[in-house]
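Engineer: The structure file entry.cif (mmCIF, C-alpha atoms) is provided below.
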data_entry
loop_
_atom_site.label_atom_id
_atom_site.label_comp_id
_atom_site.auth_asym_id
_atom_site.auth_seq_id
_atom_site.Cartn_x
_atom_site.Cartn_y
_atom_site.Cartn_z
CA MET J 1 -0.31 11.64 -2.67
CA GLY J 2 -1.28 8.40 -4.41
CA PHE J 3 2.18 6.86 -4.10
CA ILE J 4 1.62 6.40 -0.35
CA PHE J 5 -0.79 3.60 -1.19
CA SER J 6 1.56 1.83 -3.58
CA PRO J 7 2.25 -1.78 -2.57
CA ILE J 8 5.93 -1.39 -1.65
CA VAL J 9 5.34 1.56 0.68
CA PHE J 10 2.46 -0.28 2.26
CA LEU J 11 4.57 -3.42 2.76
CA ILE J 12 7.43 -1.49 4.35
CA LEU J 13 5.13 0.43 6.69
CA PHE J 14 3.36 -2.81 7.61
CA TRP J 15 6.66 -4.52 8.35
CA LEU J 16 7.87 -1.60 10.48
CA ALA J 17 4.61 -1.59 12.42
CA LEU J 18 4.67 -5.31 13.16
CA SER J 19 8.38 -5.60 13.92
CA GLY J 20 9.05 -3.14 16.72
CA HIS J 21 12.79 -3.96 16.62
CA TYR J 22 14.85 -1.56 14.58
CA THR J 23 18.43 -2.90 14.42
CA THR J 24 20.43 -2.80 11.19
CA LEU J 25 20.30 -6.53 10.53
CA LEU J 26 16.54 -6.74 11.06
CA LEU J 27 15.90 -3.68 8.89
CA ILE J 28 17.89 -5.25 6.05
CA LEU J 29 16.03 -8.54 6.45
CA GLY J 30 12.74 -6.65 6.48
CA ALA J 31 13.56 -4.73 3.32
CA ALA J 32 14.60 -7.97 1.66
CA SER J 33 11.35 -9.70 2.59
CA CYS J 34 9.26 -6.75 1.35
CA PHE J 35 11.12 -6.88 -1.95
CA TRP J 36 10.68 -10.66 -2.12
CA VAL J 37 6.92 -10.41 -1.58
CA LEU J 38 6.73 -7.78 -4.29
CA MET J 39 8.62 -10.02 -6.72
CA ILE J 40 6.36 -12.97 -5.99
CA SER J 41 3.18 -10.93 -6.47
CA ARG J 42 4.55 -9.50 -9.71
CA ARG J 43 5.25 -13.05 -10.87
CA MET J 44 1.74 -14.15 -9.89
CA GLY J 45 0.40 -11.40 -12.12
CA ILE J 46 -1.49 -9.47 -9.47
CA ASN J 47 -2.64 -6.33 -11.24
CA ALA J 48 -1.60 -2.92 -10.04
CA HIS J 49 -5.15 -1.58 -10.00
CA GLU J 50 -6.22 -4.36 -7.66
CA GLY J 51 -3.40 -3.35 -5.35
CA LYS J 52 -4.87 0.10 -4.89
CA PRO J 53 -8.18 -0.17 -3.09
CA ILE J 54 -9.46 3.30 -3.95
CA HIS J 55 -12.52 2.70 -1.83
CA LEU J 56 -10.60 2.32 1.37
CA VAL J 57 -8.69 5.49 0.73
CA SER J 58 -11.73 7.71 0.49
CA TRP J 59 -12.63 9.16 3.89
CA ARG J 60 -16.29 8.53 3.07
CA ILE J 61 -15.74 4.92 4.04
CA VAL J 62 -15.64 5.94 7.71
CA PRO J 63 -19.31 6.91 8.14
CA TYR J 64 -20.21 3.80 6.13
CA TRP J 65 -18.24 1.57 8.48
CA ILE J 66 -19.84 3.14 11.52
CA TRP J 67 -23.27 2.54 10.00
CA LEU J 68 -22.25 -1.02 9.08
CA ILE J 69 -21.07 -1.78 12.62
CA LYS J 70 -24.44 -0.58 13.95
CA GLU J 71 -26.22 -2.86 11.46
CA ILE J 72 -23.99 -5.80 12.42
CA LEU J 73 -24.78 -5.34 16.11
CA LEU J 74 -28.53 -5.06 15.43
CA SER J 75 -28.66 -8.20 13.29
CA THR J 76 -26.38 -10.05 15.70
CA TRP J 77 -28.98 -9.36 18.35
CA ALA J 78 -31.76 -10.68 16.10
CA VAL J 79 -29.86 -13.85 15.16
CA SER J 80 -28.79 -14.44 18.78
CA ARG J 81 -32.43 -14.40 19.81
CA MET J 82 -33.19 -16.95 17.10
CA ILE J 83 -30.40 -19.20 18.36
CA LEU J 84 -31.50 -18.97 21.99
CA SER J 85 -35.24 -19.31 21.42
CA PRO J 86 -36.49 -22.87 21.96
CA GLY J 87 -37.68 -24.83 18.95
CA SER J 88 -36.60 -24.15 15.41
CA SER J 89 -37.35 -20.60 14.28
CA VAL J 90 -35.20 -20.90 11.16
CA ARG J 91 -37.09 -20.31 7.91
CA PRO J 92 -34.32 -19.91 5.36
CA GLN J 93 -35.10 -18.22 2.08
CA LEU J 94 -33.31 -17.49 -1.14
CA ALA J 95 -33.85 -14.20 -2.91
CA LYS J 96 -32.30 -12.08 -5.60
CA ILE J 97 -31.63 -8.43 -5.02
CA PRO J 98 -30.42 -5.92 -7.58
CA ALA J 99 -26.89 -4.50 -7.51
CA ASN J 100 -27.08 -2.26 -10.56
CA ASN J 101 -25.18 0.99 -11.12
CA MET J 102 -22.14 -0.26 -9.26
CA SER J 103 -18.52 -0.77 -10.17
CA ASP J 104 -16.96 -4.16 -9.39
CA LEU J 105 -15.33 -2.77 -6.28
CA SER J 106 -18.66 -1.45 -4.99
CA LYS J 107 -20.28 -4.76 -5.75
CA VAL J 108 -17.64 -6.56 -3.71
CA THR J 109 -18.10 -4.10 -0.87
CA TYR J 110 -21.85 -4.55 -1.06
CA ALA J 111 -21.72 -8.36 -1.18
CA ASN J 112 -19.21 -8.51 1.67
CA SER J 113 -21.25 -6.12 3.80
CA ILE J 114 -24.29 -8.31 3.26
CA THR J 115 -22.32 -11.38 4.35
CA LEU J 116 -20.83 -9.56 7.33
CA THR J 117 -24.25 -8.80 8.80
CA PRO J 118 -25.39 -12.06 10.40
CA GLY J 119 -28.69 -13.30 9.03
CA THR J 120 -27.93 -12.51 5.40
CA LEU J 121 -25.39 -14.27 3.20
CA THR J 122 -24.37 -13.64 -0.40
CA ILE J 123 -24.31 -16.95 -2.23
CA GLU J 124 -23.81 -15.83 -5.79
CA ALA J 125 -22.67 -12.52 -7.23
CA ASP J 126 -23.48 -12.64 -10.89
CA GLY J 127 -23.87 -9.61 -13.12
CA ASP J 128 -26.22 -7.04 -11.65
CA GLU J 129 -27.87 -9.37 -9.19
CA LEU J 130 -26.85 -10.88 -5.90
CA GLU J 131 -28.36 -14.11 -4.66
CA ILE J 132 -28.99 -13.85 -0.96
CA HIS J 133 -29.66 -16.53 1.61
CA THR J 134 -31.52 -15.31 4.70
CA LEU J 135 -32.40 -17.01 7.93
CA ARG J 136 -35.88 -15.51 8.04
CA ALA J 137 -37.97 -13.59 5.54
CA ASP J 138 -38.07 -10.37 7.57
CA MET J 139 -34.28 -10.11 7.60
CA LEU J 140 -34.41 -9.48 3.88
CA GLU J 141 -36.63 -6.41 4.22
CA PRO J 142 -33.85 -3.84 4.91
CA LEU J 143 -31.93 -5.12 1.87
CA LYS J 144 -35.01 -4.93 -0.35
CA ARG J 145 -35.48 -1.32 0.71
CA GLY J 146 -31.99 -0.80 -0.68
CA GLU J 147 -30.56 1.41 2.06
CA MET J 148 -27.23 -0.41 2.13
CA ALA J 149 -26.94 -0.33 -1.68
CA ASP J 150 -27.55 3.43 -1.66
CA ARG J 151 -24.88 3.93 0.98
CA VAL J 152 -22.35 1.84 -0.96
CA ARG J 153 -23.10 3.83 -4.12
CA LYS J 154 -22.64 7.06 -2.19
CA ILE J 155 -19.05 6.13 -1.21
CA GLU J 156 -18.08 5.77 -4.83
CA ARG J 157 -19.97 8.77 -6.12
CA GLY J 158 -18.32 10.85 -3.44
CA HIS J 159 -14.96 9.60 -4.61
CA ASN J 160 -15.62 10.39 -8.26
CA ARG J 161 -16.66 13.91 -7.37
CA GLU J 162 -13.43 14.48 -5.48
CA GLN J 163 -11.28 13.67 -8.50
CA MET D 1 -6.67 2.31 34.62
CA ASP D 2 -9.72 4.49 35.14
CA GLY D 3 -12.71 2.95 36.87
CA ILE D 4 -15.14 3.80 34.09
CA LEU D 5 -12.85 2.52 31.35
CA SER D 6 -12.32 -0.78 33.11
CA ILE D 7 -16.08 -1.19 33.53
CA ILE D 8 -16.59 -0.53 29.81
CA ARG D 9 -13.83 -3.02 29.04
CA ASP D 10 -15.43 -5.69 31.23
CA LEU D 11 -18.84 -5.11 29.62
CA LEU D 12 -17.33 -5.41 26.14
CA LEU D 13 -15.55 -8.61 27.17
CA ILE D 14 -18.77 -10.10 28.53
CA ALA D 15 -20.69 -9.15 25.40
CA GLY D 16 -17.96 -10.51 23.15
CA ALA D 17 -17.65 -13.78 25.04
CA LEU D 18 -21.44 -14.19 24.95
CA ALA D 19 -21.46 -13.53 21.20
CA VAL D 20 -18.76 -16.17 20.70
CA LEU D 21 -20.66 -18.69 22.83
CA ILE D 22 -23.99 -17.98 21.11
CA GLY D 23 -22.32 -18.30 17.72
CA ALA D 24 -20.91 -21.70 18.66
CA LEU D 25 -24.31 -22.77 20.01
CA GLY D 26 -25.89 -21.68 16.74
CA VAL D 27 -23.43 -23.78 14.75
CA ILE D 28 -24.60 -26.74 16.85
CA ARG D 29 -28.32 -25.97 16.76
CA PHE D 30 -29.11 -24.75 13.25
CA PRO D 31 -30.42 -27.37 10.84
CA GLU D 32 -28.16 -27.17 7.77
CA VAL D 33 -24.91 -25.74 6.42
CA PHE D 34 -26.20 -22.43 5.11
CA SER D 35 -27.95 -21.52 8.35
CA ARG D 36 -24.85 -22.52 10.28
CA ILE D 37 -22.75 -20.08 8.24
CA HIS D 38 -24.93 -17.27 9.65
CA ALA D 39 -24.29 -18.46 13.20
CA ALA D 40 -20.56 -18.73 12.55
CA GLY D 41 -20.65 -15.17 11.24
CA ILE D 42 -21.62 -13.94 14.71
CA THR D 43 -18.29 -15.15 16.10
CA ASP D 44 -16.36 -13.64 13.22
CA THR D 45 -17.92 -10.19 13.41
CA ALA D 46 -19.55 -9.29 16.71
CA GLY D 47 -17.53 -11.69 18.88
CA ALA D 48 -14.12 -10.81 17.46
CA GLY D 49 -14.97 -7.12 17.18
CA LEU D 50 -16.16 -6.70 20.76
CA ILE D 51 -13.32 -8.69 22.32
CA ILE D 52 -10.63 -6.91 20.31
CA LEU D 53 -12.25 -3.56 21.19
CA ALA D 54 -12.01 -4.51 24.87
CA LEU D 55 -8.34 -5.43 24.40
CA LEU D 56 -7.77 -2.08 22.63
CA ILE D 57 -9.06 -0.30 25.74
CA GLU D 58 -6.82 -2.50 27.88
CA SER D 59 -3.70 -1.87 25.80
CA GLY D 60 -4.00 1.89 25.47
CA PHE D 61 -2.25 3.54 22.54
CA SER D 62 0.86 1.68 21.38
CA LEU D 63 2.26 -0.72 18.81
CA ILE D 64 0.13 -3.42 20.46
CA SER D 65 -3.10 -1.61 19.62
CA LEU D 66 -1.94 -1.35 16.02
CA LYS D 67 -1.50 -5.13 15.91
CA LEU D 68 -4.97 -5.60 17.40
CA LEU D 69 -6.38 -3.34 14.68
CA VAL D 70 -4.57 -5.42 12.05
CA ILE D 71 -6.15 -8.59 13.46
CA VAL D 72 -9.68 -7.20 13.55
CA LEU D 73 -9.41 -5.63 10.09
CA PHE D 74 -8.07 -8.86 8.68
CA LEU D 75 -10.90 -10.86 10.24
CA PHE D 76 -13.48 -8.39 8.90
CA PHE D 77 -12.09 -8.65 5.39
CA THR D 78 -11.56 -12.40 5.22
CA SER D 79 -14.62 -13.71 7.07
CA PRO D 80 -17.15 -12.79 4.34
CA THR D 81 -14.77 -14.13 1.70
CA SER D 82 -14.49 -17.54 3.32
CA SER D 83 -18.24 -17.64 4.09
CA HIS D 84 -18.98 -16.92 0.46
CA ALA D 85 -16.45 -19.49 -0.74
CA LEU D 86 -17.94 -22.07 1.62
CA ALA D 87 -21.50 -21.39 0.44
CA LYS D 88 -20.43 -21.58 -3.19
CA ALA D 89 -18.45 -24.76 -2.67
CA ALA D 90 -21.43 -26.32 -0.88
CA ILE D 91 -23.73 -25.52 -3.80
CA HIS D 92 -21.10 -26.77 -6.19
CA GLY D 93 -20.97 -29.99 -4.14
CA ARG D 94 -24.75 -30.35 -4.54
CA VAL D 95 -25.69 -29.48 -0.99
CA LEU D 96 -28.73 -27.36 -1.73
CA PRO D 97 -30.10 -24.86 0.76
CA LEU D 98 -33.38 -25.89 2.32
CA THR D 99 -35.84 -23.09 1.82
CA HIS D 100 -39.29 -22.14 2.98
CA GLN D 101 -40.95 -20.20 0.21
CA ASP D 102 -44.40 -20.51 1.78
CA LYS D 103 -44.46 -17.03 3.28
CA GLY D 104 -43.69 -15.33 0.01
CA MET U 1 -10.00 -11.47 35.96
CA MET U 2 -12.62 -10.77 33.33
CA LEU U 3 -9.99 -11.56 30.72
CA SER U 4 -9.63 -15.10 32.07
CA ALA U 5 -13.41 -15.49 32.20
CA ALA U 6 -13.72 -14.50 28.54
CA LEU U 7 -10.88 -16.88 27.73
CA ILE U 8 -12.72 -19.77 29.38
CA ALA U 9 -15.97 -18.83 27.62
CA ILE U 10 -14.25 -18.96 24.24
CA LEU U 11 -12.68 -22.31 25.11
CA VAL U 12 -16.16 -23.68 25.88
CA GLY U 13 -17.31 -22.34 22.50
CA MET U 14 -14.40 -24.14 20.86
CA ALA U 15 -15.41 -27.39 22.55
CA LEU U 16 -18.95 -26.95 21.17
CA LEU U 17 -17.55 -26.39 17.68
CA LEU U 18 -15.52 -29.59 17.94
CA ILE U 19 -18.80 -31.48 18.35
CA ARG U 20 -20.00 -30.04 15.03
CA ALA U 21 -16.67 -30.84 13.42
CA PHE U 22 -16.96 -34.48 14.51
CA VAL U 23 -20.69 -34.94 13.83
CA GLY U 24 -20.70 -33.37 10.37
CA PRO U 25 -22.85 -34.48 8.57
CA THR U 26 -21.49 -32.97 5.34
CA ILE U 27 -17.87 -32.07 4.70
CA TYR U 28 -18.88 -28.40 4.53
CA ASP U 29 -20.17 -28.49 8.11
CA ARG U 30 -16.78 -29.74 9.19
CA ILE U 31 -14.91 -27.09 7.21
CA LEU U 32 -17.16 -24.40 8.67
CA ALA U 33 -16.56 -25.69 12.20
CA VAL U 34 -12.79 -25.84 11.71
CA ASN U 35 -12.66 -22.38 10.17
CA ASN U 36 -14.65 -20.97 13.06
CA PHE U 37 -12.46 -22.88 15.49
CA GLY U 38 -9.49 -21.08 13.96
CA THR U 39 -11.13 -17.66 14.42
CA LYS U 40 -11.73 -18.50 18.06
CA THR U 41 -8.11 -19.63 18.39
CA VAL U 42 -7.01 -16.18 17.18
CA LEU U 43 -9.15 -14.61 19.91
CA VAL U 44 -7.80 -17.02 22.50
CA LEU U 45 -4.22 -16.19 21.51
CA ALA U 46 -4.90 -12.46 21.75
CA LEU U 47 -6.61 -12.82 25.14
CA TYR U 48 -3.91 -15.15 26.46
CA GLY U 49 -1.26 -12.59 25.57
CA PHE U 50 -3.05 -10.06 27.78
CA VAL U 51 -3.73 -12.51 30.61
CA THR U 52 -0.04 -13.45 30.87
CA GLU U 53 1.04 -9.88 29.99
CA ARG U 54 3.14 -11.09 27.10
CA PRO U 55 1.86 -9.16 24.07
CA ASP U 56 4.18 -11.16 21.77
CA PHE U 57 1.26 -13.56 21.45
CA LEU U 58 -0.41 -11.01 19.17
CA ASP U 59 2.13 -11.75 16.45
CA ILE U 60 1.23 -15.41 16.65
CA ALA U 61 -2.44 -14.43 16.51
CA ILE U 62 -1.87 -12.46 13.29
CA VAL U 63 0.00 -15.34 11.68
CA TYR U 64 -2.70 -17.76 12.84
CA ALA U 65 -5.41 -15.60 11.28
CA LEU U 66 -3.52 -15.60 7.98
CA CYS U 67 -2.92 -19.37 8.07
CA ASN U 68 -6.54 -20.05 9.00
CA PHE U 69 -7.88 -18.07 6.05
CA ILE U 70 -5.48 -19.61 3.56
CA ALA U 71 -6.06 -23.13 4.91
CA THR U 72 -9.84 -22.75 4.60
CA MET U 73 -9.55 -21.48 1.04
CA ALA U 74 -7.13 -24.28 0.14
CA ILE U 75 -9.41 -26.99 1.55
CA LEU U 76 -12.45 -25.54 -0.21
CA LYS U 77 -10.55 -25.30 -3.47
CA TYR U 78 -9.41 -28.87 -3.07
CA PHE U 79 -12.95 -30.13 -2.57
CA GLU U 80 -14.35 -28.00 -5.36
CA TYR U 81 -11.78 -28.84 -8.04
CA GLY U 82 -9.97 -31.85 -6.61
CA ASP U 83 -6.68 -30.10 -7.32
CA LEU U 84 -4.80 -27.30 -5.56
CA GLY U 85 -3.03 -26.21 -8.73
CA HIS U 86 -6.30 -25.41 -10.51
CA VAL U 87 -6.15 -21.83 -11.74
CA GLY U 88 -9.84 -21.26 -12.41
CA LYS U 89 -10.95 -19.88 -15.75
CA GLN U 90 -8.97 -16.99 -17.13
CA PRO U 91 -9.28 -15.20 -20.46
CA GLU U 92 -5.66 -16.00 -21.34
CA ASP U 93 -6.36 -19.73 -21.16
CA GLU U 94 -8.65 -19.63 -24.13
CA LYS U 95 -6.04 -18.00 -26.32
CA LEU U 96 -3.43 -20.68 -25.66
#
For the file at hand, write its structure as structure tokens.
Structural biologist:
Amino acid sequence: MGFIFSPIVFLILFWLALSGHYTTLLLILGAASCFWVLMISRRMGINAHEGKPIHLVSWRIVPYWIWLIKEILLSTWAVSRMILSPGSSVRPQLAKIPANNMSDLSKVTYANSITLTPGTLTIEADGDELEIHTLRADMLEPLKRGEMADRVRKIERGHNREQ
Amino acid sequence: MDGILSIIRDLLLIAGALAVLIGALGVIRFPEVFSRIHAAGITDTAGAGLIILALLIESGFSLISLKLLVIVLFLFFTSPTSSHALAKAAIHGRVLPLTHQDKG
Amino acid sequence: MMLSAALIAILVGMALLLIRAFVGPTIYDRILAVNNFGTKTVLVLALYGFVTERPDFLDIAIVYALCNFIATMAILKYFEYGDLGHVGKQPEDEKL
């Protein structure tokens, strides 16, 4: 089952999806370009394990994304109100929050999710801590409670159990 | 197209366009780079997401909707990366974030 | 109809961003504005394809999104290291 997510299969499927024209000449050109991209990435030394985002394969990512979209909409609303309110309501703060018990992939997911929600921004991801910039102190509260971190950890734990 | 679907599509378009406008306004109004990154994030996430969702409803189920999904996925994966790179480069370039630590 | 309205709204947003790109004050403000301008351009291209009923514009939008991301990273790398060929620090470098 894992071979479906190998880079070459992914490239070919991606090319077929974007093209929409399936004549012989174009198919040959497409195959050639897929092969070419593969050669270049091999030459650049892109590791095979980075090419297989295990996270995205696990179906547990779906409930996480739905939750994340809800969070994004909520914080978009909060930041929009800050932008539209007269006078300056911006009180930026820097804070460190823990990101322990996570693999690198989970850490990236966590840091990117934090940046994706408006109002919080990951400035530095170093070791087991993330440095966060927030627009207002109260926007940090959900992160300090650690709900998002728990959800990110749950994706990975779910995956490990499946193996 | 169904009446209800087209109403949903129009509402999504309005919300998305408003998000894009508010994001741009925030980039103008906020006081320094790091705050402005937050405002720009609104365009990248909520604005792009809502508008592409409206276009997905418009297009129905076809190769076009697949391309729309590719666009929105790509934006969702790259936008935090470039925000983070920008913030890091700004700190590296000695533009320090202005902070208010008075409230704790 | 609503598609055109959204298109115009995004164009107004792009005009606002241009102000930030011109005013600055730091180089990072300008990069942020240009990057965001690019994201809005992707949306404009997608919407324009639907307004004119020529979905081919979506391909251009995809390519524009790719170019925008890579351009932003390249500019940031240039300003951080002063060199596009900089490879960052890698464990192999220390062995050589």
Engineer: Applying the PyMOL selection byres ((chain U and resi 74) around 12) to the file I just gave you, which residues come out? Please list them as a PyMOL selection string.
Structural biologist: (chain D and resi 82+85-86+89) or (chain U and resi 31+35+67-73+75-86)
Engineer: Rounded to one decimal in Å, what is the spacing between atom CA of Leu63 of chain D and atom CA of Gly30 of chain J?
Structural biologist: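 Pair atom CA of Leu63 of chain D / atom CA of Gly30 of chain J returns 17.2 Å.
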Engineer: For Ala149 of chain J, work out the shell of residues within 12 Å, counting only C-alpha atoms and skipping chain neighbours fewer than 4 positions away, then give it as a ChimeraX atom specification.
Structural biologist: /J:64,68,97-103,106-114,129-130,142-145,153-156
Engineer: Taking only C-alpha atoms into account, what are the residues of chain D at most 8 Å from chain J, put as JSON, numbers by chain?
Structural biologist: {"D": [19, 22, 23, 25, 26, 29, 30, 34, 35, 38, 39, 41, 42, 45, 46, 63, 66, 67, 76, 79, 80, 81, 83, 84, 87, 88, 97, 98, 99, 100, 101, 103]}
Engineer: What residues come out when you apply the PyMOL selection byres ((chain U) within 9 of (chain D)) to this file, written as JSON, numbers by chain?
Structural biologist: {"U": [2, 3, 5, 6, 7, 8, 9, 10, 12, 13, 14, 15, 16, 17, 19, 20, 26, 27, 28, 29, 31, 32, 33, 35, 36, 39, 40, 42, 43, 46, 47, 50, 55, 56, 58, 59, 61, 62, 65, 66, 69, 72, 73, 76, 77, 79, 80]}
Engineer: How many Å lie between atom CA of Cys34 of chain J and atom CA of Leu11 of chain J, rounded to one decimal?
Structural biologist: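 Computed distance, atom CA of Cys34 of chain J to atom CA of Leu11 of chain J, equals 5.9 Å.
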Engineer: What does the structure give for the distance between atom CA of Arg42 of chain J and atom CA of Leu26 of chain J, in Å to one decimal?
Structural biologist: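 About the pair atom CA of Arg42 of chain J and atom CA of Leu26 of chain J: they are 24.1 Å apart.
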Engineer: Which residue out of J:Met39, J:Gly45, J:Ile28, J:Ile132 has the minimum interatomic distance to chain U when all atoms listed in the file are used?
Structural biologist: J:Gly45
